[in-house]
Structures are given as structure tokens and as C-alpha cells.
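Here is start-v1.cif, consisting of mmCIF, C-alpha atoms:
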```
data_protein
#
loop_
_atom_site.label_atom_id
_atom_site.label_comp_id
_atom_site.auth_asym_id
_atom_site.auth_seq_id
_atom_site.Cartn_x
_atom_site.Cartn_y
_atom_site.Cartn_z
CA MET A 1 -66.33 21.44 18.91
CA LEU A 2 -65.22 19.77 15.66
CA THR A 3 -64.54 16.04 16.07
CA LEU A 4 -62.11 13.98 13.97
CA SER A 5 -64.97 12.32 12.15
CA GLY A 6 -66.57 15.69 11.54
CA LEU A 7 -63.29 17.05 10.20
CA LEU A 8 -62.95 14.10 7.82
CA ILE A 9 -66.51 14.59 6.58
CA THR A 10 -65.81 18.29 6.01
CA ILE A 11 -62.60 17.55 4.07
CA LEU A 12 -64.26 14.85 1.97
CA SER A 13 -67.20 17.14 1.23
CA PHE A 14 -64.85 19.94 0.13
CA VAL A 15 -62.80 17.60 -2.08
CA THR A 16 -65.95 16.12 -3.63
CA PHE A 17 -67.40 19.58 -4.24
CA SER A 18 -64.14 20.74 -5.84
CA ILE A 19 -63.95 17.71 -8.14
CA VAL A 20 -67.60 18.05 -9.18
CA SER A 21 -67.23 21.81 -9.74
CA ALA A 22 -64.11 21.29 -11.88
CA SER A 23 -65.87 18.57 -13.85
CA LEU A 24 -68.88 20.80 -14.46
CA ARG A 25 -66.66 23.66 -15.62
CA SER A 26 -64.78 21.30 -17.93
CA TYR A 27 -68.02 19.85 -19.28
CA SER A 28 -69.45 23.33 -19.75
CA THR A 29 -66.37 24.44 -21.70
CA MET A 30 -66.40 21.37 -23.96
CA ALA A 31 -70.15 21.62 -24.52
CA ALA A 32 -69.89 25.31 -25.37
CA LEU A 33 -67.31 24.65 -28.06
CA ARG A 34 -69.22 21.90 -29.82
CA ARG A 35 -69.66 23.24 -33.33
CA ALA A 36 -72.31 22.31 -35.84
CA PRO A 37 -71.05 21.88 -39.41
CA PRO A 38 -71.24 25.13 -41.40
CA LEU A 39 -74.07 25.83 -43.80
CA LEU A 40 -72.71 25.40 -47.33
CA PHE A 41 -73.75 26.89 -50.65
CA ASP A 42 -71.80 25.16 -53.39
CA ALA A 43 -70.89 26.86 -56.64
CA ALA A 44 -73.86 27.27 -58.98
CA ALA A 45 -75.01 24.22 -60.91
CA GLY A 46 -72.74 23.54 -63.86
CA LYS A 47 -70.06 25.94 -62.62
CA LYS A 48 -66.62 25.02 -61.38
CA HIS A 49 -65.79 25.88 -57.78
CA THR A 50 -62.88 28.32 -58.07
CA ALA A 51 -63.32 30.55 -55.02
CA THR A 52 -64.71 30.54 -51.49
CA VAL A 53 -66.32 33.14 -49.24
CA ILE A 54 -66.51 32.42 -45.51
CA PHE A 55 -69.14 34.75 -44.05
CA VAL A 56 -69.59 34.93 -40.29
CA HIS A 57 -72.78 35.85 -38.41
CA GLY A 58 -73.04 38.01 -35.31
CA LEU A 59 -73.76 37.35 -31.64
CA GLY A 60 -76.94 35.37 -31.03
CA ASP A 61 -77.42 34.47 -34.69
CA THR A 62 -76.56 31.41 -36.81
CA GLY A 63 -75.30 30.88 -40.33
CA TYR A 64 -78.93 30.62 -41.46
CA GLY A 65 -79.34 34.31 -40.68
CA TRP A 66 -77.32 35.17 -43.79
CA SER A 67 -78.59 32.44 -46.09
CA ALA A 68 -81.18 34.71 -47.75
CA VAL A 69 -78.43 37.16 -48.72
CA VAL A 70 -76.40 34.39 -50.35
CA GLU A 71 -79.47 33.03 -52.13
CA ASN A 72 -80.17 36.50 -53.53
CA TRP A 73 -76.60 36.78 -54.80
CA ARG A 74 -77.03 33.37 -56.41
CA LEU A 75 -80.03 34.66 -58.37
CA ARG A 76 -77.92 37.49 -59.79
CA HIS A 77 -75.29 35.09 -61.18
CA ARG A 78 -72.29 37.30 -60.44
CA LEU A 79 -70.67 34.86 -58.03
CA ASP A 80 -71.52 31.53 -59.65
CA GLU A 81 -68.07 29.98 -59.14
CA VAL A 82 -68.00 30.88 -55.44
CA LYS A 83 -68.77 28.45 -52.64
CA PHE A 84 -70.19 30.17 -49.56
CA ILE A 85 -69.46 28.83 -46.10
CA LEU A 86 -71.75 30.15 -43.35
CA PRO A 87 -70.43 28.86 -40.00
CA HIS A 88 -72.53 28.46 -36.84
CA ALA A 89 -71.03 29.77 -33.59
CA PRO A 90 -71.03 27.47 -30.55
CA ARG A 91 -73.35 28.36 -27.67
CA ILE A 92 -71.44 30.11 -24.89
CA PRO A 93 -72.40 31.99 -21.70
CA VAL A 94 -72.41 35.71 -22.52
CA THR A 95 -71.59 38.10 -19.69
CA ALA A 96 -73.48 41.00 -21.29
CA ALA A 97 -76.62 38.81 -21.28
CA PHE A 98 -76.21 37.94 -17.56
CA GLY A 99 -74.58 34.62 -18.40
CA GLU A 100 -77.31 33.43 -20.75
CA SER A 101 -76.08 30.88 -23.26
CA MET A 102 -76.30 31.89 -26.92
CA PRO A 103 -74.34 31.50 -30.17
CA GLY A 104 -71.18 33.58 -29.92
CA TRP A 105 -67.63 33.64 -31.21
CA TYR A 106 -66.33 35.05 -27.92
CA ASP A 107 -67.69 36.54 -24.71
CA ILE A 108 -68.79 40.18 -24.52
CA SER A 109 -68.71 41.94 -21.16
CA ALA A 110 -71.18 44.71 -22.03
CA LEU A 111 -73.54 45.83 -24.80
CA SER A 112 -74.21 49.36 -23.61
CA GLY A 113 -73.35 50.96 -26.93
CA LYS A 114 -70.34 52.66 -25.33
CA ILE A 115 -66.92 52.30 -26.91
CA ASP A 116 -65.04 51.81 -23.65
CA ASP A 117 -67.42 49.07 -22.49
CA ILE A 118 -66.82 47.04 -25.65
CA ARG A 119 -63.04 47.47 -25.48
CA LYS A 120 -62.62 46.58 -21.81
CA GLU A 121 -62.21 43.04 -20.47
CA GLN A 122 -62.02 41.46 -23.92
CA ASP A 123 -62.23 37.68 -24.11
CA GLU A 124 -58.77 37.05 -25.54
CA ARG A 125 -58.98 33.28 -25.07
CA GLY A 126 -62.31 33.06 -26.89
CA ILE A 127 -61.11 35.34 -29.69
CA LEU A 128 -58.00 33.24 -30.24
CA GLN A 129 -60.03 29.99 -30.18
CA SER A 130 -62.35 31.36 -32.85
CA ARG A 131 -59.39 32.58 -34.89
CA GLU A 132 -57.99 29.06 -34.80
CA TYR A 133 -61.33 27.68 -36.01
CA PHE A 134 -61.48 30.07 -38.98
CA ASN A 135 -57.86 29.44 -39.86
CA GLY A 136 -58.84 25.77 -39.94
CA LEU A 137 -61.66 26.48 -42.39
CA ILE A 138 -59.24 28.37 -44.62
CA GLU A 139 -56.69 25.54 -44.45
CA ALA A 140 -59.39 23.01 -45.36
CA GLU A 141 -60.32 24.98 -48.48
CA ILE A 142 -56.67 25.13 -49.53
CA LYS A 143 -55.73 21.51 -48.80
CA ASP A 144 -58.99 19.61 -49.32
CA HIS A 145 -60.59 21.62 -52.11
CA LYS A 146 -57.49 23.03 -53.83
CA ILE A 147 -58.69 26.62 -53.56
CA PRO A 148 -55.72 28.99 -53.22
CA ALA A 149 -55.81 31.54 -50.40
CA SER A 150 -55.76 34.24 -53.09
CA ARG A 151 -59.29 33.04 -53.99
CA ILE A 152 -60.68 33.10 -50.44
CA VAL A 153 -62.50 36.02 -48.80
CA LEU A 154 -63.27 36.13 -45.08
CA GLY A 155 -65.99 38.44 -43.81
CA GLY A 156 -68.83 38.90 -41.39
CA PHE A 157 -71.31 41.10 -39.55
CA SER A 158 -71.02 42.60 -36.05
CA GLN A 159 -69.14 40.13 -33.83
CA GLY A 160 -68.67 37.99 -36.95
CA GLY A 161 -67.11 40.97 -38.71
CA ALA A 162 -64.88 41.64 -35.73
CA ILE A 163 -63.50 38.09 -35.61
CA SER A 164 -63.15 38.08 -39.42
CA LEU A 165 -61.15 41.31 -39.28
CA PHE A 166 -58.87 40.02 -36.53
CA THR A 167 -58.42 36.60 -38.15
CA GLY A 168 -57.92 37.98 -41.64
CA LEU A 169 -55.35 40.59 -40.66
CA THR A 170 -53.32 37.98 -38.77
CA ALA A 171 -53.98 35.02 -41.10
CA LYS A 172 -51.28 32.53 -42.05
CA HIS A 173 -52.04 33.02 -45.74
CA LYS A 174 -52.56 36.07 -47.96
CA LEU A 175 -56.30 36.21 -48.64
CA ALA A 176 -58.22 37.69 -51.55
CA GLY A 177 -60.10 40.09 -49.30
CA ILE A 178 -61.60 40.82 -45.90
CA VAL A 179 -65.08 42.24 -45.18
CA ALA A 180 -66.22 43.69 -41.85
CA LEU A 181 -69.77 45.03 -41.45
CA SER A 182 -70.89 47.04 -38.41
CA SER A 183 -67.88 45.83 -36.48
CA TYR A 184 -64.50 46.70 -35.00
CA LEU A 185 -61.03 45.27 -34.44
CA PRO A 186 -60.87 43.28 -31.17
CA LEU A 187 -57.69 43.10 -29.07
CA ASP A 188 -56.60 46.32 -30.75
CA SER A 189 -54.18 47.20 -27.94
CA LYS A 190 -52.25 43.98 -28.69
CA PHE A 191 -52.76 43.97 -32.44
CA GLY A 192 -49.16 44.93 -33.20
CA ASP A 193 -47.90 41.83 -31.42
CA PHE A 194 -50.35 39.51 -33.17
CA VAL A 195 -49.71 40.87 -36.65
CA GLN A 196 -45.95 40.40 -36.21
CA GLU A 197 -46.57 36.65 -36.00
CA ASN A 198 -48.31 36.55 -39.39
CA ASP A 199 -48.01 39.75 -41.40
CA ASN A 200 -49.31 38.43 -44.73
CA ASN A 201 -52.28 40.67 -45.48
CA ARG A 202 -50.99 44.23 -45.38
CA ARG A 203 -51.80 44.54 -49.11
CA THR A 204 -55.05 42.57 -48.98
CA PRO A 205 -58.09 44.76 -49.80
CA ILE A 206 -60.28 45.25 -46.73
CA LEU A 207 -63.84 46.60 -46.88
CA MET A 208 -65.38 48.00 -43.71
CA CYS A 209 -69.01 49.19 -43.73
CA HIS A 210 -70.83 50.92 -40.86
CA GLY A 211 -74.04 52.83 -40.25
CA ASP A 212 -73.56 56.15 -38.47
CA GLN A 213 -76.61 55.47 -36.26
CA ASP A 214 -75.37 52.15 -34.92
CA GLN A 215 -76.33 51.93 -31.23
CA VAL A 216 -74.84 48.45 -30.65
CA VAL A 217 -71.34 48.68 -32.11
CA PRO A 218 -70.86 52.46 -32.16
CA TYR A 219 -69.87 54.03 -35.44
CA GLY A 220 -67.06 55.79 -33.57
CA LEU A 221 -65.53 52.43 -32.63
CA GLY A 222 -65.65 51.22 -36.22
CA LYS A 223 -64.03 54.47 -37.36
CA MET A 224 -61.38 54.16 -34.66
CA SER A 225 -60.55 50.63 -35.84
CA TYR A 226 -60.42 51.76 -39.46
CA GLU A 227 -58.04 54.62 -38.67
CA MET A 228 -55.75 52.38 -36.65
CA ILE A 229 -55.63 49.73 -39.39
CA LYS A 230 -55.07 52.39 -42.04
CA SER A 231 -52.25 53.99 -40.02
CA GLN A 232 -50.40 50.67 -40.01
CA GLY A 233 -50.28 50.53 -43.78
CA PHE A 234 -53.15 48.14 -44.52
CA ASP A 235 -55.23 48.51 -47.70
CA VAL A 236 -58.53 49.33 -45.99
CA THR A 237 -61.60 51.23 -47.19
CA MET A 238 -64.48 52.33 -44.96
CA LYS A 239 -67.97 53.01 -46.27
CA THR A 240 -70.34 55.04 -44.09
CA TYR A 241 -74.12 54.65 -44.41
CA PRO A 242 -75.99 57.72 -43.10
CA GLY A 243 -78.98 56.91 -40.90
CA MET A 244 -78.31 53.16 -40.83
CA PRO A 245 -78.52 51.45 -37.41
CA HIS A 246 -76.92 48.11 -36.45
CA ALA A 247 -78.11 46.36 -39.59
CA ALA A 248 -77.37 45.71 -43.25
CA ASP A 249 -79.31 47.37 -46.05
CA PRO A 250 -79.63 46.67 -49.80
CA GLU A 251 -77.15 49.39 -50.80
CA GLU A 252 -74.54 47.95 -48.48
CA LEU A 253 -75.15 44.39 -49.69
CA ASP A 254 -74.73 45.57 -53.29
CA GLU A 255 -71.42 47.13 -52.28
CA ILE A 256 -70.29 43.84 -50.79
CA GLU A 257 -71.35 41.92 -53.89
CA GLN A 258 -69.31 44.29 -56.06
CA PHE A 259 -66.30 43.86 -53.76
CA LEU A 260 -66.58 40.06 -53.90
CA SER A 261 -66.99 40.11 -57.68
CA ALA A 262 -63.88 42.25 -58.06
CA ARG A 263 -61.81 40.12 -55.70
CA LEU A 264 -63.07 36.77 -57.04
CA PRO A 265 -63.64 37.17 -60.78
CA PRO A 266 -64.79 34.05 -62.66
CA GLN A 267 -62.05 31.84 -64.02
CA GLY A 268 -64.09 29.41 -66.07
CA ASP A 269 -61.84 26.50 -67.04
CA LYS A 270 -58.68 28.31 -66.01
CA LYS A 271 -56.68 26.22 -63.56
CA SER A 272 -56.09 27.77 -60.12
CA GLU A 273 -52.50 28.01 -58.96
CA LEU A 274 -51.95 27.08 -55.31
#
```
Please rewrite the model in this file as C-alpha cells.
Amino acid sequence: MLTLSGLLITILSFVTFSIVSASLRSYSTMAALRRAPPLLFDAAAGKKHTATVIFVHGLGDTGYGWSAVVENWRLRHRLDEVKFILPHAPRIPVTAAFGESMPGWYDISALSGKIDDIRKEQDERGILQSREYFNGLIEAEIKDHKIPASRIVLGGFSQGGAISLFTGLTAKHKLAGIVALSSYLPLDSKFGDFVQENDNNRRTPILMCHGDQDQVVPYGLGKMSYEMIKSQGFDVTMKTYPGMPHAADPEELDEIEQFLSARLPPQGDKKSEL
């Protein structure tokens, strides 16, 4: 039989447990969204900073994972006036990894290589939080560094390409270009609603690249995203790399460098117009 004192103890225990659980969830959320400053590659020595590329890594990686690519481009001197920003994703619990914490721009429910598994139960809240972060980086370049949006390219690989595609297509400013490697368009079923809010990049050149042997983000999903974006009147091109898995190869990186060079030609002493 439950006594009054026993009932009080039970109630107090439940209340205490609830408060502690809520606090832990709140702490976990705040800790997960703590962001390290991005890795920066300033314009080449002696060159004026006239353009910016924000390039976003994939799930489980960091900005350092793409530093060697940027350093190689630096050696070729085709993008000397470009500052590269390589952000680091916050560590979050990832459902597809049984809740293990790793760098990610949003949660993924499954990594089975199946299209339907990737498209179901998408982390809309996480996607929108990351979009807000990247919009903030773009705003900072415009306001703090006087780089016009027409001289900013947003791109990335895998999950980084997906969030770049979603952010770029719904950005508040018209960008110079968007790059998405081995990726797809998240929240595609709601894309029409999101693009109505900010429809500024329908004429912005978009480069999508995908290997036809990708077992992580299926080639079919990338093609599906491309066809949907194309059908809505966006200026998108898709390059297919036969035999390439979920990776980037030298031919693809050369293609990206050419795209960036075309979208962000050197200006020298010419003054940028905001």
C-alpha cells in the first residue's frame, strides 16, 4: 500500500528526473551546436581578396578534409584572389550510426545506399539550422569583407553538397554559383515552399557532379534531384563520372576549378560593386 510519504517521494523523484532529463537534453543540444571557427585560406600573397568560396565537408569529416584540394588549387594560381572558407560541422548524434556523435550538418536516419531511406524522416530542423549558419557566413562576407554576393560561391561534398544545394537555391542573395558533389537536394518534397521565400538564384549557375557507382548517396538520387531542379527552371548542369564511387577524383576537381575560375574571374584592382 502506498503511503503519503511514499507518494511524495515518488512525485519528487519523478519531478527531479524530469528536470534533470530536460537539462541534459538542453545541454546536449547546445553542446552539439558549438561550432569551431572555419578553416580559412586567404587570397594568395600580394593579391587582393575579391571573391570567396565556402566549401562544405561531408558527414563525419571536418574542413581539414578538403584543405589539400584548396592548397593544390593555390599552387596552380588560377584562383589567387579567392578566399576559401572551410567550415567545421558541430558534433551531433547520428541516427544512422546508432546515435554515435560525429561532425554533421544534420541528422541522417539511414545510410543503406537506398534512395527511399535517405529521403524518409529528414531532419528538417537540423537542415534549417545549418542553412541559417551558412547564410550567416555569406552575410559576413558581404558586410564585413565587402565581397558582393555575385562574387561568392557555395559548394560542398556529400552531406556538405546537399546543404550547400539547399542553402544556395533558397539563399537571400543571388550567388555567383553553387557546387554539389556526390549529393542530393534535401527536403525536396517541400522545396517549392522554401524557394518561394527566397527565389533569387534561378539563374545562378549550378554544377552537380556524381559518380555512377556511388553506394552511399546513390547516383539515382543525385539524378532525381538534378531533374527536379532543372524542371523548375534553374540553371543546373550535371556531370556524371563513370565508375566513380562516393569520392572525388582529379578529373572532377579540375572541372570544379574551371567552374570556379569562370564564375570568379580575377578583377585585379577593379573595385567590387556591392
Using all atoms listed in the file, I'd like a table of the residues in segment 36-64 of chain A that come within 8 Å of segment 142-158 of chain A; for each, show the closest atom pair and its distance in Å rounded to one decimal, ordered by chain and ascending number, as JSON lines.
```
{"residue": "A:Thr50", "atom": "CA", "partner": "A:Ile147", "partner_atom": "CA", "distance": 6.4}
{"residue": "A:Ala51", "atom": "CA", "partner": "A:Arg151", "partner_atom": "CA", "distance": 4.8}
{"residue": "A:Thr52", "atom": "CA", "partner": "A:Ile152", "partner_atom": "CA", "distance": 4.9}
{"residue": "A:Val53", "atom": "CA", "partner": "A:Val153", "partner_atom": "CA", "distance": 4.8}
{"residue": "A:Ile54", "atom": "CA", "partner": "A:Leu154", "partner_atom": "CA", "distance": 4.9}
{"residue": "A:Phe55", "atom": "CA", "partner": "A:Gly155", "partner_atom": "CA", "distance": 4.9}
{"residue": "A:Val56", "atom": "CA", "partner": "A:Gly156", "partner_atom": "CA", "distance": 4.2}
{"residue": "A:His57", "atom": "CA", "partner": "A:Phe157", "partner_atom": "CA", "distance": 5.6}
{"residue": "A:Gly58", "atom": "CA", "partner": "A:Ser158", "partner_atom": "CA", "distance": 5.1}
{"residue": "A:Leu59", "atom": "CA", "partner": "A:Ser158", "partner_atom": "CA", "distance": 7.4}
```
Go through segment 105-222 of chain A and flag each residue having an atom no more than 10 Å from segment 228-234 of chain A; for those, report the closest pair of atoms plus their distance in Å to one decimal, using only C-alpha atoms, ordered by chain and rising number, as a tab-separated table.
```
residue	atom	partner	partner_atom	distance
A:Leu169	CA	A:Phe234	CA	8.8
A:Leu185	CA	A:Ile229	CA	8.6
A:Asp188	CA	A:Met228	CA	8.5
A:Phe191	CA	A:Ile229	CA	9.5
A:Gly192	CA	A:Gln232	CA	9.0
A:Asn201	CA	A:Phe234	CA	7.6
A:Arg202	CA	A:Phe234	CA	4.5
A:Arg203	CA	A:Phe234	CA	6.0
A:Thr204	CA	A:Phe234	CA	7.4
A:Pro205	CA	A:Phe234	CA	8.0
A:Ile206	CA	A:Phe234	CA	8.0
A:Gly222	CA	A:Met228	CA	10.0
```
Leaving out segment 250-257 of chain A and any residue of its chain fewer than 3 positions from it, which residues lie within 12 Å of it when counting only C-alpha atoms, given as a PyMOL selection string? chain A and resi 53+55+66+68-70+72-74+76-80+82+153-157+177-182+206-211+237-242+244+247+260-265
What separation in Å, quoted to one decimal, exists between atom CA of Pro103 of chain A and atom CA of Gln159 of chain A?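 Computed distance, atom CA of Pro103 of chain A to atom CA of Gln159 of chain A, equals 10.7 Å.
With all atoms listed in the file as the atoms that count, the residue of A:Tyr219, A:Phe166, A:Phe134, A:Tyr106 with the shortest distance to Val195 of chain A is A:Phe166.
For the structure shown here, the set of residues caught by the PyMOL selection byres ((chain A and resi 33-46) around 6) is Met30, Ala31, Ala32, Lys47, His49, Asp80, Glu81, Val82, Lys83, Phe84, Ile85, Leu86, Pro87, His88 and Pro90 of chain A.
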Take atom CA of Lys190 of chain A and atom CA of Leu175 of chain A and report the distance between them in Å, one decimal.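 Computed distance, atom CA of Lys190 of chain A to atom CA of Leu175 of chain A, equals 21.8 Å.
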When you draw a straight line from atom CA of Gly243 of chain A to atom CA of Gln215 of chain A, how long is it in Å?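 Computing it gives 11.2 Å between the two atoms.
Between Ile115 of chain A and the candidates A:Asp61, A:Asp249, A:Asp235, A:Asp214, the tightest atom-to-atom separation, counting only C-alpha atoms, involves A:Asp214.
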When you count all atoms listed in the file, which of these residues is closest to Ala89 of chain A: A:Gln258, A:Gly126, A:Gly113, A:Thr62?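 Under the stated criterion, the closest residue is A:Thr62.
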Because the input lacks atoms here, generate all heavy atoms for segment 249-260 of chain A and report them as a PDB file, in the frame of the given file.
```
ATOM      1  N   ASP A 249     -78.247  46.968 -45.134  1.00  0.00           N
ATOM      2  CA  ASP A 249     -79.310  47.370 -46.050  1.00  0.00           C
ATOM      3  C   ASP A 249     -78.939  47.018 -47.486  1.00  0.00           C
ATOM      4  O   ASP A 249     -77.795  46.646 -47.763  1.00  0.00           O
ATOM      5  CB  ASP A 249     -79.653  48.851 -45.877  1.00  0.00           C
ATOM      6  CG  ASP A 249     -78.585  49.786 -46.429  1.00  0.00           C
ATOM      7  OD1 ASP A 249     -77.582  49.304 -47.005  1.00  0.00           O
ATOM      8  OD2 ASP A 249     -78.747  51.004 -46.289  1.00  0.00           O
ATOM      9  N   PRO A 250     -79.885  47.092 -48.422  1.00  0.00           N
ATOM     10  CA  PRO A 250     -79.630  46.670 -49.800  1.00  0.00           C
ATOM     11  C   PRO A 250     -78.441  47.365 -50.459  1.00  0.00           C
ATOM     12  O   PRO A 250     -77.665  46.733 -51.181  1.00  0.00           O
ATOM     13  CB  PRO A 250     -80.940  47.007 -50.519  1.00  0.00           C
ATOM     14  CG  PRO A 250     -81.982  46.904 -49.451  1.00  0.00           C
ATOM     15  CD  PRO A 250     -81.312  47.433 -48.213  1.00  0.00           C
ATOM     16  N   GLU A 251     -78.284  48.671 -50.202  1.00  0.00           N
ATOM     17  CA  GLU A 251     -77.150  49.390 -50.800  1.00  0.00           C
ATOM     18  C   GLU A 251     -75.831  48.812 -50.328  1.00  0.00           C
ATOM     19  O   GLU A 251     -74.898  48.623 -51.114  1.00  0.00           O
ATOM     20  CB  GLU A 251     -77.239  50.879 -50.433  1.00  0.00           C
ATOM     21  CG  GLU A 251     -76.102  51.709 -51.011  1.00  0.00           C
ATOM     22  CD  GLU A 251     -76.133  53.148 -50.529  1.00  0.00           C
ATOM     23  OE1 GLU A 251     -77.108  53.549 -49.865  1.00  0.00           O
ATOM     24  OE2 GLU A 251     -75.162  53.879 -50.826  1.00  0.00           O
ATOM     25  N   GLU A 252     -75.759  48.521 -49.046  1.00  0.00           N
ATOM     26  CA  GLU A 252     -74.540  47.950 -48.480  1.00  0.00           C
ATOM     27  C   GLU A 252     -74.273  46.562 -49.051  1.00  0.00           C
ATOM     28  O   GLU A 252     -73.132  46.223 -49.402  1.00  0.00           O
ATOM     29  CB  GLU A 252     -74.674  47.875 -46.962  1.00  0.00           C
ATOM     30  CG  GLU A 252     -73.450  47.329 -46.256  1.00  0.00           C
ATOM     31  CD  GLU A 252     -73.676  47.173 -44.765  1.00  0.00           C
ATOM     32  OE1 GLU A 252     -74.832  46.909 -44.365  1.00  0.00           O
ATOM     33  OE2 GLU A 252     -72.707  47.293 -43.993  1.00  0.00           O
ATOM     34  N   LEU A 253     -75.326  45.741 -49.162  1.00  0.00           N
ATOM     35  CA  LEU A 253     -75.150  44.390 -49.690  1.00  0.00           C
ATOM     36  C   LEU A 253     -74.721  44.418 -51.155  1.00  0.00           C
ATOM     37  O   LEU A 253     -73.951  43.557 -51.598  1.00  0.00           O
ATOM     38  CB  LEU A 253     -76.451  43.597 -49.526  1.00  0.00           C
ATOM     39  CG  LEU A 253     -76.875  43.340 -48.072  1.00  0.00           C
ATOM     40  CD1 LEU A 253     -78.210  42.611 -48.021  1.00  0.00           C
ATOM     41  CD2 LEU A 253     -75.808  42.534 -47.329  1.00  0.00           C
ATOM     42  N   ASP A 254     -75.193  45.404 -51.899  1.00  0.00           N
ATOM     43  CA  ASP A 254     -74.730  45.570 -53.290  1.00  0.00           C
ATOM     44  C   ASP A 254     -73.253  45.917 -53.318  1.00  0.00           C
ATOM     45  O   ASP A 254     -72.510  45.449 -54.184  1.00  0.00           O
ATOM     46  CB  ASP A 254     -75.544  46.672 -53.978  1.00  0.00           C
ATOM     47  CG  ASP A 254     -76.957  46.228 -54.339  1.00  0.00           C
ATOM     48  OD1 ASP A 254     -77.235  45.010 -54.250  1.00  0.00           O
ATOM     49  OD2 ASP A 254     -77.777  47.110 -54.672  1.00  0.00           O
ATOM     50  N   GLU A 255     -72.833  46.748 -52.371  1.00  0.00           N
ATOM     51  CA  GLU A 255     -71.420  47.130 -52.280  1.00  0.00           C
ATOM     52  C   GLU A 255     -70.547  45.912 -52.007  1.00  0.00           C
ATOM     53  O   GLU A 255     -69.478  45.742 -52.592  1.00  0.00           O
ATOM     54  CB  GLU A 255     -71.251  48.161 -51.156  1.00  0.00           C
ATOM     55  CG  GLU A 255     -69.873  48.783 -51.076  1.00  0.00           C
ATOM     56  CD  GLU A 255     -69.686  49.945 -52.050  1.00  0.00           C
ATOM     57  OE1 GLU A 255     -70.602  50.773 -52.184  1.00  0.00           O
ATOM     58  OE2 GLU A 255     -68.605  49.993 -52.663  1.00  0.00           O
ATOM     59  N   ILE A 256     -71.031  45.052 -51.123  1.00  0.00           N
ATOM     60  CA  ILE A 256     -70.290  43.840 -50.790  1.00  0.00           C
ATOM     61  C   ILE A 256     -70.214  42.914 -51.998  1.00  0.00           C
ATOM     62  O   ILE A 256     -69.164  42.340 -52.299  1.00  0.00           O
ATOM     63  CB  ILE A 256     -70.945  43.102 -49.608  1.00  0.00           C
ATOM     64  CG1 ILE A 256     -70.940  44.004 -48.376  1.00  0.00           C
ATOM     65  CG2 ILE A 256     -70.217  41.792 -49.297  1.00  0.00           C
ATOM     66  CD1 ILE A 256     -71.914  43.579 -47.315  1.00  0.00           C
ATOM     67  N   GLU A 257     -71.336  42.778 -52.708  1.00  0.00           N
ATOM     68  CA  GLU A 257     -71.350  41.920 -53.890  1.00  0.00           C
ATOM     69  C   GLU A 257     -70.350  42.422 -54.930  1.00  0.00           C
ATOM     70  O   GLU A 257     -69.629  41.622 -55.550  1.00  0.00           O
ATOM     71  CB  GLU A 257     -72.756  41.881 -54.493  1.00  0.00           C
ATOM     72  CG  GLU A 257     -72.870  40.935 -55.677  1.00  0.00           C
ATOM     73  CD  GLU A 257     -74.243  40.975 -56.312  1.00  0.00           C
ATOM     74  OE1 GLU A 257     -74.887  42.056 -56.254  1.00  0.00           O
ATOM     75  OE2 GLU A 257     -74.672  39.952 -56.869  1.00  0.00           O
ATOM     76  N   GLN A 258     -70.273  43.722 -55.119  1.00  0.00           N
ATOM     77  CA  GLN A 258     -69.310  44.290 -56.060  1.00  0.00           C
ATOM     78  C   GLN A 258     -67.873  44.017 -55.613  1.00  0.00           C
ATOM     79  O   GLN A 258     -67.000  43.699 -56.431  1.00  0.00           O
ATOM     80  CB  GLN A 258     -69.542  45.801 -56.192  1.00  0.00           C
ATOM     81  CG  GLN A 258     -70.849  46.169 -56.879  1.00  0.00           C
ATOM     82  CD  GLN A 258     -71.118  47.663 -56.842  1.00  0.00           C
ATOM     83  OE1 GLN A 258     -70.212  48.462 -56.618  1.00  0.00           O
ATOM     84  NE2 GLN A 258     -72.367  48.050 -57.048  1.00  0.00           N
ATOM     85  N   PHE A 259     -67.635  44.135 -54.305  1.00  0.00           N
ATOM     86  CA  PHE A 259     -66.300  43.860 -53.760  1.00  0.00           C
ATOM     87  C   PHE A 259     -65.929  42.404 -54.000  1.00  0.00           C
ATOM     88  O   PHE A 259     -64.815  42.100 -54.455  1.00  0.00           O
ATOM     89  CB  PHE A 259     -66.290  44.185 -52.269  1.00  0.00           C
ATOM     90  CG  PHE A 259     -64.986  43.892 -51.579  1.00  0.00           C
ATOM     91  CD1 PHE A 259     -63.945  44.804 -51.625  1.00  0.00           C
ATOM     92  CD2 PHE A 259     -64.798  42.707 -50.872  1.00  0.00           C
ATOM     93  CE1 PHE A 259     -62.727  44.540 -50.974  1.00  0.00           C
ATOM     94  CE2 PHE A 259     -63.598  42.432 -50.235  1.00  0.00           C
ATOM     95  CZ  PHE A 259     -62.556  43.350 -50.287  1.00  0.00           C
ATOM     96  N   LEU A 260     -66.851  41.487 -53.710  1.00  0.00           N
ATOM     97  CA  LEU A 260     -66.580  40.060 -53.900  1.00  0.00           C
ATOM     98  C   LEU A 260     -66.349  39.742 -55.373  1.00  0.00           C
ATOM     99  O   LEU A 260     -65.459  38.962 -55.723  1.00  0.00           O
ATOM    100  CB  LEU A 260     -67.732  39.227 -53.351  1.00  0.00           C
ATOM    101  CG  LEU A 260     -67.972  39.297 -51.838  1.00  0.00           C
ATOM    102  CD1 LEU A 260     -69.193  38.459 -51.458  1.00  0.00           C
ATOM    103  CD2 LEU A 260     -66.741  38.835 -51.063  1.00  0.00           C
TER     104      LEU A 260
END
```
